[in-house]
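Read through the structure below, which is laid out as structure tokens, and then see the notes.
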Amino acid sequence: MHFQNTALSMSEEIAPHTHFQYSDADHQAQTALSGMWLFLASEVLFFGGLILTWMFCRHWQLAGFDAGARETVLWIGTTNLVLLVTSSFVYSTGLAFAEARNTRRLIQCCLVTMALGTLFLLLKFYEWRIDLSEDLFPSGNFKVTGPDAGGARMFWSFYFVSTALHALHMIIGVGLVGWVAVEARRGAFADGWSTPIEVVGLYWSFVDIVWIVLYPIIYLVGRG
Amino acid sequence: MRQRHRLNLLLWTALLVVAGLEFAGSRLSIPVDARSVLTLPAVVMTVMIALGYMRLRTAPHIARGFAIAGMFWLIVLLGLAMIDPLTRVVFAVTK
């Protein structure tokens with residue numbers, strides 16, 4: 001019994017974050033990273049359905065779909081692309097600081113990432129306000145009329161569903177980055193343990209990728 | 001650490017350059033049927049982020065397997081679903 005307690009305390013001293021079911025800290029880290037990649041693979045198929053909707057609807061309603069796309073606010077979409085690409089860079093920099101045990105810089109990077117993510121969401125809400133004020137919600141009075149109206153309505157249905165789902169992922173992402181900042185402040189990563197930071201980073205970069213894919217299909221392809 | 005910072009900065013710059021090219025490309029007069037090529041820079045940026053910020057090259061083998069499986073099933077989903085509209089011949093209705 002005495003031996004067991006000694007072994008346990010030594011184990012905790014060596015790898016205090018390793019749970020009992022893992023052989024070592026590396027095994028636990030690999031499992032966590034692989035789990036997040038599996039989740040992201042399922043998310044790829046989730047958003048893949050949306051991309052399929054875009055391809056299918058645009059194929060059958062080309063003129064109307066593009067007429068709808070021309071009504072989008074290009075400058076907001078482009079600004080948001082730059083914001084998200086920059087946020088992934090900042091968070092990745094924070095991860096590198098965490099691996100070098102620089103907690104203060106990690107927290108700063110998390111706060112900047114959260115600020116960029118929040119700015120993205122505020123711009124997105126502002127864009128939705130513009131869209132609604134211009135009668136672009138695909139029901140009732142609709143801005144686009146004539147033979148292109150059906151296709152344009154399809155585009156705006158796709159637009160609101162895809163941007164809302166992405167915004168939901170963004171809100172979750174900002175919350176997760178905030179959680180990393182709080183845990184870092186409490187000293188959880190002071191010993192160089194960075195698995196949770198890396199796992200959250202995978203999620204954040206994936207949300208960035210989703211916007212990178214949505215940006216051309218919402219804002220660019222239809223602007224012939 | 002310095003090398004990692006340099007890599008991150010280089011990747012960020014490259015991503016902005018590709019995004020700029022994508023935006024510039026959208027200003028060109030591309031035929032409506034071919035404008036889907038404007039999504040290609042997004043594919044390039046996705047690969048850059050997966051290999052750079054998401055560190056896929058150094059990820060565990062099983063994680064790389066999940067990433068490849070995700071892309072494989074996405075291609076199956078999009079490819080199989082689009083076979084019908086891309087190969088269907090629409091005949092005009094005659095009286």
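Letters A, B, ... go to the chains of the structure tokens in the order shown; residues in each chain start at 1; ligands are counted from 1 in the same order.
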
Please identify all polymer residues within 12 Å of Leu56 in chain B, counting only C-alpha atoms, omitting same-chain residues fewer than 4 positions from it, and present them as a list of chain:residue names.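 Near neighbours after the sequence-gap exclusion: A:Leu33, A:Ser34, A:Trp37, A:Glu198, A:Leu202, A:Ser205, B:Thr46, B:Val47, B:Met48, B:Ile49, B:Ala50, B:Leu51, B:Gly52, B:Pro60, B:His61, B:Ile62, B:Ala63, B:Arg64, B:Gly65, B:Phe66, B:Ala67, B:Ile68.
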
What would the file look like if the residues just selected were written as a PDB file, in the first residue's frame with C-alpha atoms?
```
ATOM      1  CA  LEU A  33      -5.730  15.136 -30.700  1.00  0.00           C
ATOM      2  CA  SER A  34      -7.055  12.109 -32.592  1.00  0.00           C
ATOM      3  CA  TRP A  37      -9.620  15.152 -35.643  1.00  0.00           C
ATOM      4  CA  GLU A 198      -3.692  22.442 -29.240  1.00  0.00           C
ATOM      5  CA  LEU A 202      -7.662  22.568 -34.114  1.00  0.00           C
ATOM      6  CA  SER A 205      -8.573  26.639 -37.345  1.00  0.00           C
TER       7      SER A 205
ATOM      8  CA  THR B  46      -7.373  24.829 -46.488  1.00  0.00           C
ATOM      9  CA  VAL B  47      -4.363  22.590 -47.189  1.00  0.00           C
ATOM     10  CA  MET B  48      -1.996  25.331 -45.949  1.00  0.00           C
ATOM     11  CA  ILE B  49      -3.887  25.709 -42.659  1.00  0.00           C
ATOM     12  CA  ALA B  50      -4.224  21.942 -42.152  1.00  0.00           C
ATOM     13  CA  LEU B  51      -0.483  21.413 -42.628  1.00  0.00           C
ATOM     14  CA  GLY B  52       0.621  24.621 -40.878  1.00  0.00           C
ATOM     15  CA  PRO B  60      -0.642  11.063 -34.734  1.00  0.00           C
ATOM     16  CA  HIS B  61      -1.098   8.508 -37.543  1.00  0.00           C
ATOM     17  CA  ILE B  62      -4.708   7.854 -36.603  1.00  0.00           C
ATOM     18  CA  ALA B  63      -5.478  11.590 -36.661  1.00  0.00           C
ATOM     19  CA  ARG B  64      -4.062  11.813 -40.194  1.00  0.00           C
ATOM     20  CA  GLY B  65      -6.250   8.820 -41.055  1.00  0.00           C
ATOM     21  CA  PHE B  66      -9.348  10.664 -39.767  1.00  0.00           C
ATOM     22  CA  ALA B  67      -8.414  13.765 -41.783  1.00  0.00           C
ATOM     23  CA  ILE B  68      -7.941  11.739 -44.982  1.00  0.00           C
TER      24      ILE B  68
END
```

As number ranges by chain, please: every residue in range 185-216 of chain A that DSSP puts in alpha helix (DSSP H). A: 185, 195-215

Please identify every residue of chain B that has at least one atom no more than 9 Å from any atom of chain A, counting only C-alpha atoms, and report them as number ranges by chain. B: 1-2, 4-5, 8-9, 11-12, 15-16, 19, 22-23, 26-33, 35-39, 41-43, 45-46, 49-50, 53-55, 59-71, 73-75, 77-78, 81-82, 85-86

Excluding Leu176 in chain A and residues on its chain fewer than 5 positions from it, collect all residues at most 9 Å away from it, counting only C-alpha atoms, and give them as a compact mmCIF listing (two decimals) with C-alpha atoms, in the first residue's frame.
```txt
# COMPACT_ATOMS: atom_id res chain seq x y z
CA ILE A 171 -19.51 31.60 -30.63
CA ALA A 181 -7.20 31.95 -21.27
CA VAL A 200 -8.95 24.08 -29.08
CA TRP A 204 -10.55 27.27 -34.14
```

With a distance cut-off of 7 Å and only C-alpha atoms, select the neighbouring residues of Met114 in chain A, excluding the residue or stretch itself and same-chain residues fewer than 4 positions from it, and output the selection as a list in words.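 Selected residues are Cys110, Thr118, Val174, Val177 and Gly178 of chain A.
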